$ cat run14.txt   # compact mmCIF, C-alpha atoms
# COMPACT_ATOMS: atom_id res chain seq x y z
CA MET A 248 208.02 52.63 350.99
CA ALA A 249 209.43 56.15 351.47
CA LEU A 250 208.34 57.28 348.00
CA PHE A 251 204.70 56.93 349.03
CA LYS A 252 205.07 58.52 352.44
CA LYS A 253 206.57 61.91 351.67
CA THR A 254 206.45 64.37 348.80
CA LEU A 255 209.32 64.12 346.34
CA SER A 256 211.27 67.27 345.44
CA PRO A 257 209.96 68.54 342.07
CA VAL A 258 213.53 69.34 340.96
CA SER A 259 214.60 65.69 341.53
CA ALA A 260 211.42 64.38 339.89
CA MET A 261 211.79 66.55 336.80
CA ALA A 262 215.53 65.80 336.56
CA MET A 263 214.70 62.05 336.47
CA ILE A 264 211.97 62.62 333.90
CA ALA A 265 214.40 64.65 331.77
CA VAL A 266 216.95 61.82 331.76
CA LEU A 267 214.23 59.33 330.74
CA ASP A 268 213.03 61.76 328.06
CA ILE A 269 216.53 61.74 326.54
CA PHE A 270 216.28 57.95 326.19
CA LEU A 271 212.77 58.29 324.74
CA PHE A 272 214.16 60.84 322.25
CA GLN A 273 216.59 58.19 321.09
CA ILE A 274 213.97 55.45 320.79
CA VAL A 275 210.73 57.00 319.51
CA GLY A 276 210.87 60.78 319.95
CA SER A 277 210.63 63.26 322.79
CA TRP A 278 207.84 63.46 325.38
CA THR A 279 204.63 64.93 324.03
CA VAL A 280 200.97 64.83 325.03
CA GLY A 281 198.97 66.94 322.55
CA GLY A 282 199.45 64.56 319.60
CA GLY A 283 198.22 61.58 321.61
CA GLU A 284 195.22 63.55 322.87
CA THR A 285 194.34 64.53 319.29
CA MET A 286 194.46 60.92 318.23
CA MET A 287 192.25 59.96 321.18
CA THR A 288 189.79 62.69 320.12
CA GLY A 289 189.67 61.15 316.65
CA LEU A 290 189.19 57.64 318.03
CA ILE A 291 186.40 58.78 320.38
CA ALA A 292 184.74 60.73 317.54
CA ARG A 293 184.91 57.63 315.32
CA LEU A 294 183.22 55.65 318.08
CA PHE A 295 180.26 58.05 317.92
CA MET A 296 180.26 58.91 314.21
CA GLY A 297 181.56 55.73 312.63
CA GLU A 298 183.10 55.97 309.17
CA SER A 299 181.31 59.30 308.51
CA LEU A 300 184.19 60.89 310.49
CA SER A 301 186.42 60.49 307.43
CA ARG A 302 184.17 62.98 305.62
CA ILE A 303 185.69 65.68 307.85
CA PRO A 304 188.91 66.52 305.98
CA PHE A 305 190.99 67.06 309.15
CA TRP A 306 190.51 63.43 310.21
CA ASN A 307 191.17 62.24 306.69
CA VAL A 308 194.12 64.41 305.68
CA ALA A 309 195.86 65.72 308.81
CA PHE A 310 195.16 63.14 311.54
CA PRO A 311 193.60 59.83 310.44
CA PRO A 312 192.65 58.04 313.70
CA ASP A 313 195.05 55.21 314.50
CA PRO A 314 194.98 53.25 317.80
CA GLY A 315 198.59 52.18 317.20
CA TYR A 316 199.88 55.76 317.54
CA TRP A 317 202.53 55.56 320.30
CA LYS A 318 201.85 59.03 321.74
CA ILE A 319 198.42 57.92 323.01
CA TYR A 320 200.12 55.50 325.38
CA ILE A 321 202.19 58.21 327.08
CA SER A 322 198.95 59.81 328.28
CA LEU A 323 197.44 56.48 329.32
CA GLY A 324 200.68 55.67 331.13
CA MET A 325 200.59 59.00 332.99
CA LEU A 326 197.04 58.23 334.13
CA PHE A 327 198.08 54.75 335.26
CA GLY A 328 201.21 56.02 337.08
CA ALA A 329 199.20 58.72 338.83
CA VAL A 330 196.53 56.21 339.96
CA VAL A 331 199.25 53.92 341.34
CA GLY A 332 200.98 56.84 343.13
CA ALA A 333 197.73 58.21 344.54
CA VAL A 334 196.42 54.83 345.73
CA LEU A 335 199.70 53.65 347.31
CA SER A 336 200.19 56.98 349.08
CA LYS A 337 196.52 56.99 350.17
CA GLU A 338 195.96 60.29 348.36
CA PHE A 339 193.25 59.03 346.03
CA SER A 340 189.86 60.56 346.63
CA TRP A 341 187.02 61.75 344.42
CA ARG A 342 186.98 65.55 344.51
CA MET A 343 185.05 68.06 342.51
CA PRO A 344 184.88 71.84 342.19
CA HIS A 345 182.12 73.31 344.33
CA ARG A 346 181.45 76.71 342.77
CA LEU A 347 179.77 77.30 339.41
CA SER A 348 182.50 79.83 338.53
CA GLU A 349 185.13 77.07 338.85
CA TRP A 350 183.20 74.82 336.47
CA VAL A 351 182.91 77.71 333.98
CA MET A 352 186.64 78.49 334.20
CA ILE A 353 187.60 74.83 333.78
CA THR A 354 185.26 74.44 330.80
CA ILE A 355 186.59 77.55 329.02
CA GLY A 356 190.17 76.59 329.97
CA GLY A 357 189.76 73.07 328.59
CA LEU A 358 188.30 74.33 325.32
CA LEU A 359 191.11 76.89 324.90
CA MET A 360 193.74 74.22 325.57
CA GLY A 361 192.22 71.93 322.94
CA ILE A 362 191.91 74.65 320.31
CA GLY A 363 195.40 75.97 321.13
CA ILE A 364 197.05 72.55 320.78
CA ARG A 365 195.53 71.95 317.35
CA LEU A 366 196.23 75.46 316.13
CA ALA A 367 199.88 75.29 317.17
CA PHE A 368 200.44 71.56 316.46
CA VAL A 369 202.16 71.42 319.86
CA CYS A 370 201.26 71.47 323.54
CA ASN A 371 203.13 72.84 326.56
CA VAL A 372 205.00 69.56 327.05
CA SER A 373 206.39 69.60 323.51
CA THR A 374 207.24 73.27 324.00
CA PHE A 375 209.27 72.88 327.19
CA TYR A 376 210.52 69.30 326.93
CA GLY A 377 210.81 68.80 323.17
CA LEU A 378 210.99 71.73 320.79
CA THR A 379 212.97 74.20 322.92
CA PRO A 380 215.65 71.71 324.05
CA GLU A 381 215.97 70.70 320.37
CA MET A 382 216.51 74.44 319.71
CA ASN A 383 213.63 74.36 317.25
CA LEU A 384 212.48 77.79 316.10
CA GLY A 385 208.96 76.73 317.05
CA GLY A 386 210.08 76.28 320.67
CA TYR A 387 210.90 79.98 321.00
CA LEU A 388 207.66 81.02 319.30
CA ALA A 389 205.71 78.63 321.53
CA ILE A 390 207.43 79.79 324.73
CA SER A 391 206.69 83.43 323.84
CA GLY A 392 203.06 82.48 323.23
CA ILE A 393 202.61 80.43 326.39
CA LEU A 394 204.25 83.08 328.59
CA ALA A 395 201.99 85.80 327.13
CA GLY A 396 198.95 83.52 327.47
CA ALA A 397 199.82 82.51 331.04
CA TRP A 398 200.21 86.20 331.93
CA VAL A 399 196.74 87.01 330.53
CA GLY A 400 195.30 83.89 332.20
CA THR A 401 196.91 84.86 335.51
CA TRP A 402 195.41 88.36 335.22
CA ILE A 403 191.95 86.86 334.66
CA TYR A 404 192.51 84.37 337.51
CA LYS A 405 193.59 87.21 339.84
CA LYS A 406 190.53 89.28 338.92
CA SER A 407 188.29 86.29 339.57
CA LEU A 408 189.91 85.79 343.02
CA GLU A 409 189.39 89.48 343.83
CA GLY A 410 185.83 89.51 342.47
CA MET B 142 211.18 49.19 316.40
CA ASN B 143 207.67 47.94 315.64
CA ALA B 144 204.48 49.77 316.61
CA THR B 145 203.73 47.52 319.61
CA ALA B 146 207.20 48.05 321.09
CA GLN B 147 206.85 51.82 320.55
CA CYS B 148 203.49 51.85 322.33
CA LEU B 149 204.87 49.76 325.20
CA THR B 150 207.91 52.05 325.57
CA ALA B 151 205.61 55.08 325.59
CA PHE B 152 203.36 53.48 328.22
CA VAL B 153 206.28 52.64 330.52
CA PHE B 154 207.68 56.18 330.13
CA GLY B 155 204.23 57.69 330.79
CA SER B 156 203.72 55.53 333.88
CA VAL B 157 207.00 56.66 335.43
CA VAL B 158 206.19 60.28 334.57
CA GLY B 159 202.70 59.96 336.09
CA LEU B 160 204.11 58.45 339.27
CA LEU B 161 206.90 61.03 339.67
CA VAL B 162 204.64 64.00 338.91
CA GLN B 163 201.99 62.70 341.33
CA ARG B 164 204.53 62.15 344.13
CA SER B 165 206.29 65.50 343.61
CA ARG B 166 203.15 67.60 343.05
CA TYR B 167 204.94 69.14 340.09
CA CYS B 168 202.75 71.27 337.86
CA ASN B 169 203.62 73.15 334.67
CA VAL B 170 200.81 75.64 335.28
CA ALA B 171 202.15 76.45 338.74
CA ALA B 172 205.64 76.87 337.24
CA LEU B 173 204.35 79.89 335.31
CA ARG B 174 201.30 81.10 337.27
CA ASP B 175 202.91 81.00 340.75
CA ALA B 176 206.01 82.82 339.49
CA MET B 177 203.83 85.55 337.98
CA LEU B 178 201.20 85.81 340.70
CA PHE B 179 202.80 84.78 343.99
CA LYS B 180 206.52 85.16 343.17
CA THR B 181 207.13 81.58 344.30
CA TYR B 182 209.36 79.38 342.19
CA ARG B 183 209.15 75.79 343.50
CA ASN B 184 207.91 74.45 340.14
CA THR B 185 209.71 77.02 337.97
CA LYS B 186 213.09 75.76 339.21
CA ALA B 187 212.13 72.16 338.37
CA LEU B 188 211.05 73.23 334.88
CA LEU B 189 214.36 75.02 334.30
CA VAL B 190 216.45 72.08 335.57
CA ALA B 191 214.61 69.69 333.23
CA MET B 192 215.11 72.06 330.29
CA MET B 193 218.84 72.37 331.02
CA ILE B 194 219.33 68.58 331.14
CA LEU B 195 217.24 68.09 327.99
CA THR B 196 219.01 70.82 326.02
CA LEU B 197 222.40 69.26 326.68
CA GLY B 198 221.13 65.71 326.06
CA PHE B 199 219.19 66.44 322.88
CA THR B 200 221.84 68.65 321.28
CA ALA B 201 224.54 66.07 322.12
CA PHE B 202 222.58 63.43 320.19
CA ILE B 203 221.72 65.86 317.38
CA THR B 204 225.44 66.65 317.01
CA VAL B 205 226.14 63.03 316.04
CA GLY B 206 222.99 62.75 313.93
CA ALA B 207 221.14 60.57 316.45
CA GLY B 208 217.77 61.00 318.13
CA LYS B 209 214.35 61.70 316.67
CA PRO B 210 213.71 65.46 316.72
CA MET B 211 210.24 66.82 315.95
CA HIS B 212 209.96 67.87 312.35
CA PHE B 213 207.23 70.25 311.23
CA ASP B 214 206.90 73.84 310.05
CA VAL B 215 206.20 76.58 312.55
CA GLY B 216 204.74 80.05 312.19
CA LEU B 217 202.21 82.48 313.56
CA ASN B 218 199.95 79.55 314.48
CA THR B 219 202.63 78.27 316.91
CA PHE B 220 202.60 81.55 318.83
CA ALA B 221 198.81 82.03 318.64
CA GLY B 222 198.05 78.42 319.61
CA LEU B 223 200.27 78.47 322.68
CA PHE B 224 198.91 81.91 323.61
CA LEU B 225 195.38 80.41 323.75
CA PHE B 226 196.76 77.34 325.49
CA GLY B 227 198.51 79.52 328.12
CA ILE B 228 195.26 81.30 328.99
CA GLY B 229 193.38 78.00 329.01
CA MET B 230 195.77 76.15 331.31
CA VAL B 231 195.69 78.89 333.95
CA LEU B 232 191.87 79.07 333.85
CA ALA B 233 191.57 75.28 334.02
CA GLY B 234 194.28 75.09 336.72
CA ALA B 235 195.92 72.20 334.86
CA CYS B 236 197.94 71.56 331.71
CA THR B 237 198.21 68.47 329.52
CA VAL B 238 200.23 66.63 332.18
CA SER B 239 198.36 67.66 335.31
CA THR B 240 194.93 66.94 333.80
CA TRP B 241 195.96 63.26 333.46
CA VAL B 242 197.73 63.16 336.82
CA LYS B 243 194.95 64.91 338.73
CA ALA B 244 192.39 62.72 336.95
CA GLY B 245 194.36 59.75 338.31
CA GLU B 246 194.00 61.19 341.82
CA GLY B 247 190.22 61.31 341.46
CA ASN B 248 189.83 64.99 340.57
CA ILE B 249 186.55 65.38 338.64
CA GLY B 250 187.48 68.94 337.61
CA ALA B 251 190.57 67.59 335.82
CA ILE B 252 188.47 64.94 334.03
CA TRP B 253 186.07 67.72 332.99
CA ALA B 254 189.00 69.84 331.71
CA LEU B 255 190.30 66.83 329.76
CA MET B 256 186.89 66.23 328.22
CA PHE B 257 186.65 69.85 327.08
CA THR B 258 190.21 69.72 325.73
CA PHE B 259 189.02 66.88 323.48
CA ILE B 260 185.91 68.89 322.54
CA GLY B 261 188.10 71.93 321.76
CA MET B 262 190.29 69.78 319.51
CA PHE B 263 187.25 68.42 317.70
CA LEU B 264 185.82 71.93 317.21
CA PHE B 265 189.13 73.08 315.75
CA SER B 266 189.18 70.05 313.44
CA LEU B 267 185.84 71.27 311.99
CA LEU B 268 187.22 74.80 311.52
CA TRP B 269 190.42 73.44 309.95
CA SER B 270 188.36 71.48 307.45
CA PHE B 271 187.13 74.83 306.05
CA ILE B 272 190.27 76.96 306.23
CA TYR B 273 193.04 74.32 305.81
CA TRP B 274 195.34 76.38 308.01
CA PRO B 275 197.87 75.78 309.46
CA PRO B 276 199.14 73.46 306.70
CA ALA B 277 198.75 69.71 307.23
CA PRO B 278 202.07 67.95 308.00
CA ASP B 279 202.33 66.33 304.54
CA THR B 280 201.98 69.72 302.79
CA MET B 281 204.69 71.41 304.88
CA THR B 282 207.67 72.55 302.84
CA GLY B 283 210.29 73.25 305.50
CA VAL B 284 210.97 76.73 304.11
CA HIS B 285 209.37 80.06 304.95
CA ASN B 286 206.06 80.86 303.33
CA LEU B 287 204.93 84.33 304.30
CA ALA B 288 201.58 84.04 302.51
CA GLY B 289 200.77 81.07 304.74
CA LEU B 290 202.25 82.85 307.79
CA GLN B 291 204.80 80.03 308.06
CA LEU B 292 208.48 80.40 308.95
CA GLY B 293 209.50 76.89 307.95
CA PHE B 294 211.67 74.55 309.98
CA ALA B 295 214.94 75.07 311.85
CA ASN B 296 216.51 73.38 314.87
CA ALA B 297 219.95 72.65 316.34
CA ALA B 298 220.75 70.37 313.37
CA THR B 299 220.03 73.25 310.97
CA LEU B 300 222.37 75.50 312.95
CA GLN B 301 225.09 72.85 312.82
CA GLU B 302 224.60 72.38 309.08
CA LYS B 303 224.68 76.12 308.30
CA THR B 304 227.53 77.15 310.61
CA HIS B 305 229.58 73.91 310.82
CA VAL B 306 229.65 74.46 314.58
CA PRO B 307 228.58 71.35 316.54
CA ALA B 308 224.97 71.57 317.80
CA ILE B 309 226.14 70.83 321.35
CA VAL B 310 227.91 74.23 321.40
CA PHE B 311 224.58 76.00 320.76
CA GLY B 312 223.02 73.69 323.34
CA ALA B 313 225.64 74.70 325.89
CA VAL B 314 224.90 78.39 325.25
CA GLN B 315 221.15 77.80 325.72
CA THR B 316 221.86 75.82 328.90
CA LEU B 317 223.94 78.72 330.25
CA VAL B 318 221.06 81.13 329.57
CA LEU B 319 218.65 78.81 331.40
CA PHE B 320 221.15 78.47 334.25
CA GLY B 321 221.38 82.27 334.44
CA ILE B 322 217.59 82.44 334.90
CA TYR B 323 217.80 79.67 337.53
CA ARG B 324 220.49 81.55 339.45
CA ALA B 325 218.50 84.78 339.28
CA ILE B 326 215.56 82.93 340.86
CA LEU B 327 217.79 81.54 343.63
CA ARG B 328 219.14 85.05 344.32
CA ARG B 329 215.61 86.44 344.43
CA GLU B 330 214.54 83.68 346.84
CA ARG B 331 217.53 84.36 349.11
CA ALA B 332 216.86 88.10 349.06
CA GLY B 333 213.21 87.40 349.87
CA ALA B 334 214.19 85.12 352.75
CA ARG B 335 216.59 87.78 354.13
CA THR B 336 213.90 90.47 353.87
CA SER B 337 211.33 88.39 355.71
CA GLU B 338 213.97 87.41 358.30
CA ALA B 339 214.85 91.04 358.89
CA ALA B 340 211.16 92.00 359.04
CA ALA B 341 210.51 89.23 361.57
CA ALA B 342 213.51 90.32 363.65
CA ARG B 343 212.30 93.94 363.60
CA GLU B 344 208.80 92.89 364.58
CA SER B 345 210.10 90.69 367.37
CA ALA B 346 212.45 93.40 368.62
CA ALA B 347 209.60 95.90 368.62
CA CYS B 348 207.50 93.52 370.71
CA ASP B 349 210.36 92.99 373.17
CA ALA B 350 211.06 96.74 373.39
CA TRP B 351 207.39 97.36 374.08
CA ALA B 352 207.69 94.88 376.93
CA GLY B 353 210.53 97.01 378.42
CA ASN B 354 213.40 94.62 377.61
CA GLU B 355 216.64 96.59 376.98
CA THR B 356 218.32 93.76 375.07
CA ALA B 357 215.36 93.46 372.81
CA VAL B 358 217.04 93.60 369.38
CA PRO B 359 219.61 90.81 369.83
CA GLN B 360 217.04 88.62 371.57
CA GLY B 361 214.51 89.19 368.80
CA ALA B 362 217.02 88.36 366.10
CA ALA B 363 218.26 85.33 368.02
CA ARG B 364 214.72 84.07 368.43
CA VAL B 365 214.06 84.38 364.69
CA ALA B 366 217.32 82.54 363.95
CA ALA B 367 216.43 79.80 366.43
CA GLU B 368 212.97 79.43 364.92
CA GLN B 369 214.44 79.17 361.43
CA SER B 370 217.05 76.61 362.39
CA ALA B 371 214.32 74.58 364.10
$ encode --input "run14.txt" --output "C-alpha cells"
Amino acid sequence: MALFKKTLSPVSAMAMIAVLDIFLFQIVGSWTVGGGETMMTGLIARLFMGESLSRIPFWNVAFPPDPGYWKIYISLGMLFGAVVGAVLSKEFSWRMPHRLSEWVMITIGGLLMGIGIRLAFVCNVSTFYGLTPEMNLGGYLAISGILAGAWVGTWIYKKSLEG
Amino acid sequence: MNATAQCLTAFVFGSVVGLLVQRSRYCNVAALRDAMLFKTYRNTKALLVAMMILTLGFTAFITVGAGKPMHFDVGLNTFAGLFLFGIGMVLAGACTVSTWVKAGEGNIGAIWALMFTFIGMFLFSLLWSFIYWPPAPDTMTGVHNLAGLQLGFANAATLQEKTHVPAIVFGAVQTLVLFGIYRAILRRERAGARTSEAAAARESAACDAWAGNETAVPQGAARVAAEQSA
C-alpha cells in the first residue's frame, strides 16, 4: 500500500486532520491532548495512592479522575495509529538517546510541558487547532506564549549544539 | 451522545491522526523550531494550512450556533503556561502529539518525555492545591478579574453577539492573515531557492572558467538547471 511506502506530504496530512477536527468539533469538541493527559496522570496517581489522592484538592475540585473522559482516548488512539503506521511501513524500532545531555534535556522539557499545560489549562494542540481557530482570546495569549517559549527553547537548544 | 460513543469517536479520530502524523513526519515542534533556527518551513506551512481550514470551519459552525467550542477563562496563566510549554517542547524535541507518535515508533526518549510530562502535571497539581490559581473551571466567571490576573472569556461567538456581524466574517479575516503569512513563507522559500541557484551557477561558472572554458557561465548555469530539473 502506497501510504506505507513513501512519506506523506505534511500539508496534505494536516489538511485531512483539520477536516476531521471540524467534524470532531461538531460531535464532542475540538482536538486536544493536554486534558486527556491530565486525566491519565490522575488515574495513574490513583493507582499508586488509592483514595488518598482525593485529599489533594486539585484532584478533588479541578480534575476528579474519570476513565470515561473522552479526551484520554484521543491520546491512546494517536499511540495506536502511530504503532500501526510504524509497523506497516517497517519503521518501528526501539531507539533511545545516547548522550546524558539528551536525557537531561528531555527530562527538563517533559517537566516544563507538564507544568505548562496545567498552568495554562491548554496544550499546544488546543492552542493551534482549537482555541485560535475558535478566535478565543486565550488562543492569542497562548500563541504569544508558545512563540516566546519556543524562541527561548531554540536559543538554549542552539547553545547546547554549539557547546 | 453517551460517554462510550464519545470515547469511541475520540479513539477513531486519534488513530487517524496518529497514522497521518506518523506517515507524514509532521511535528509541531519542528514547525516552530526549524523556522526559527534553520529557516526551513516544511512543517510551518502544514500548521498554517490546518489553522486556515479550521478557522473557516469552526467560525462557520459558530455563526449558526453549532459546534462545541472550548469554554474557560483565560489570563496571564495562559501566556505563562504556554511560554513554559514552548521551552519544554523544544528541549524535549517533541510536543503533546509527537511524544505519543514517536512513542508508537519505539522511541524511548519520547516515552521518557511523556512520563515526565505526567510528573510535571502531578507536581503542578500539588502546587495548585496550595495556591488555588489559576481558578478551577467551576469557579470561573467568564468576565475579567484583574485581581486574579484573569481576562475572562471571549471567542468568535462573543464577537458575533457584540457586533452583530456573523462570526464567519471574523474567521475569514483571520484566515486571510494566516494566508498572508503562508504566502510570505512561499516567497521566502522561492527567494532562497533563487539565491542558492545563482550561487551554484556562479560556483560552477568559476570552476569552468578556471578550467579555461570560454563559455563557462552559460554552461555552468545550464548544468545547475539540468541538475535541478533532474
$ closest_atom_pairs --input "run14.txt" --of "stretch 257-297 of chain A" --to "stretch 355-377 of chain A" --cutoff "6 Å" --atoms "only C-alpha atoms" --output "JSON lines"
{"residue": "A:Ser277", "atom": "CA", "partner": "A:Gly377", "partner_atom": "CA", "distance": 5.6}
{"residue": "A:Thr279", "atom": "CA", "partner": "A:Ser373", "partner_atom": "CA", "distance": 5.0}
{"residue": "A:Gly281", "atom": "CA", "partner": "A:Cys370", "partner_atom": "CA", "distance": 5.2}
$ residues_around --input "run14.txt" --residues "B:Phe220" --least-positions-apart "6" --cutoff "8 Å" --atoms "only C-alpha atoms" --output "PDB file with C-alpha atoms, keeping the file's coordinate frame"
ATOM      1  CA  ALA A 367     199.880  75.290 317.170  1.00  0.00           C
ATOM      2  CA  LEU A 388     207.660  81.020 319.300  1.00  0.00           C
ATOM      3  CA  ALA A 389     205.710  78.630 321.530  1.00  0.00           C
ATOM      4  CA  ILE A 390     207.430  79.790 324.730  1.00  0.00           C
ATOM      5  CA  SER A 391     206.690  83.430 323.840  1.00  0.00           C
ATOM      6  CA  GLY A 392     203.060  82.480 323.230  1.00  0.00           C
ATOM      7  CA  ILE A 393     202.610  80.430 326.390  1.00  0.00           C
TER       8      ILE A 393
END
$ atom_distance --input "run14.txt" --atom1 "atom CA of A:Phe305" --atom2 "atom CA of A:Arg293"
12.8 Å
$ closest_residue --input "run14.txt" --among "A:Ser348, A:Asn383, A:Asn307, A:Ser259" --to "chain B" --atoms "all atoms listed in the file"
A:Asn383
$ interface_residues --input "run14.txt" --of "chain B" --to "chain A" --cutoff "6 Å" --atoms "all atoms listed in the file" --output "PDB file with C-alpha atoms, keeping the file's coordinate frame"
ATOM      1  CA  GLN B 147     206.850  51.820 320.550  1.00  0.00           C
ATOM      2  CA  CYS B 148     203.490  51.850 322.330  1.00  0.00           C
ATOM      3  CA  ALA B 151     205.610  55.080 325.590  1.00  0.00           C
ATOM      4  CA  PHE B 152     203.360  53.480 328.220  1.00  0.00           C
ATOM      5  CA  GLY B 155     204.230  57.690 330.790  1.00  0.00           C
ATOM      6  CA  SER B 156     203.720  55.530 333.880  1.00  0.00           C
ATOM      7  CA  VAL B 158     206.190  60.280 334.570  1.00  0.00           C
ATOM      8  CA  GLY B 159     202.700  59.960 336.090  1.00  0.00           C
ATOM      9  CA  LEU B 160     204.110  58.450 339.270  1.00  0.00           C
ATOM     10  CA  LEU B 161     206.900  61.030 339.670  1.00  0.00           C
ATOM     11  CA  GLN B 163     201.990  62.700 341.330  1.00  0.00           C
ATOM     12  CA  ARG B 164     204.530  62.150 344.130  1.00  0.00           C
ATOM     13  CA  SER B 165     206.290  65.500 343.610  1.00  0.00           C
ATOM     14  CA  TYR B 167     204.940  69.140 340.090  1.00  0.00           C
ATOM     15  CA  ALA B 187     212.130  72.160 338.370  1.00  0.00           C
ATOM     16  CA  ALA B 191     214.610  69.690 333.230  1.00  0.00           C
ATOM     17  CA  LEU B 195     217.240  68.090 327.990  1.00  0.00           C
ATOM     18  CA  THR B 196     219.010  70.820 326.020  1.00  0.00           C
ATOM     19  CA  PHE B 199     219.190  66.440 322.880  1.00  0.00           C
ATOM     20  CA  GLY B 208     217.770  61.000 318.130  1.00  0.00           C
ATOM     21  CA  LYS B 209     214.350  61.700 316.670  1.00  0.00           C
ATOM     22  CA  VAL B 215     206.200  76.580 312.550  1.00  0.00           C
ATOM     23  CA  ASN B 218     199.950  79.550 314.480  1.00  0.00           C
ATOM     24  CA  THR B 219     202.630  78.270 316.910  1.00  0.00           C
ATOM     25  CA  PHE B 220     202.600  81.550 318.830  1.00  0.00           C
ATOM     26  CA  GLY B 222     198.050  78.420 319.610  1.00  0.00           C
ATOM     27  CA  LEU B 223     200.270  78.470 322.680  1.00  0.00           C
ATOM     28  CA  PHE B 224     198.910  81.910 323.610  1.00  0.00           C
ATOM     29  CA  LEU B 225     195.380  80.410 323.750  1.00  0.00           C
ATOM     30  CA  PHE B 226     196.760  77.340 325.490  1.00  0.00           C
ATOM     31  CA  GLY B 227     198.510  79.520 328.120  1.00  0.00           C
ATOM     32  CA  ILE B 228     195.260  81.300 328.990  1.00  0.00           C
ATOM     33  CA  GLY B 229     193.380  78.000 329.010  1.00  0.00           C
ATOM     34  CA  MET B 230     195.770  76.150 331.310  1.00  0.00           C
ATOM     35  CA  VAL B 231     195.690  78.890 333.950  1.00  0.00           C
ATOM     36  CA  LEU B 232     191.870  79.070 333.850  1.00  0.00           C
ATOM     37  CA  ALA B 233     191.570  75.280 334.020  1.00  0.00           C
ATOM     38  CA  TRP B 241     195.960  63.260 333.460  1.00  0.00           C
ATOM     39  CA  VAL B 242     197.730  63.160 336.820  1.00  0.00           C
ATOM     40  CA  GLY B 245     194.360  59.750 338.310  1.00  0.00           C
ATOM     41  CA  GLU B 246     194.000  61.190 341.820  1.00  0.00           C
ATOM     42  CA  GLY B 247     190.220  61.310 341.460  1.00  0.00           C
ATOM     43  CA  ASN B 248     189.830  64.990 340.570  1.00  0.00           C
ATOM     44  CA  ILE B 249     186.550  65.380 338.640  1.00  0.00           C
ATOM     45  CA  GLY B 250     187.480  68.940 337.610  1.00  0.00           C
ATOM     46  CA  ALA B 254     189.000  69.840 331.710  1.00  0.00           C
ATOM     47  CA  PHE B 257     186.650  69.850 327.080  1.00  0.00           C
ATOM     48  CA  THR B 258     190.210  69.720 325.730  1.00  0.00           C
ATOM     49  CA  PHE B 259     189.020  66.880 323.480  1.00  0.00           C
ATOM     50  CA  GLY B 261     188.100  71.930 321.760  1.00  0.00           C
ATOM     51  CA  MET B 262     190.290  69.780 319.510  1.00  0.00           C
ATOM     52  CA  PHE B 265     189.130  73.080 315.750  1.00  0.00           C
ATOM     53  CA  SER B 266     189.180  70.050 313.440  1.00  0.00           C
ATOM     54  CA  SER B 270     188.360  71.480 307.450  1.00  0.00           C
ATOM     55  CA  ALA B 277     198.750  69.710 307.230  1.00  0.00           C
ATOM     56  CA  ALA B 295     214.940  75.070 311.850  1.00  0.00           C
ATOM     57  CA  ASN B 296     216.510  73.380 314.870  1.00  0.00           C
ATOM     58  CA  ALA B 297     219.950  72.650 316.340  1.00  0.00           C
TER      59      ALA B 297
END
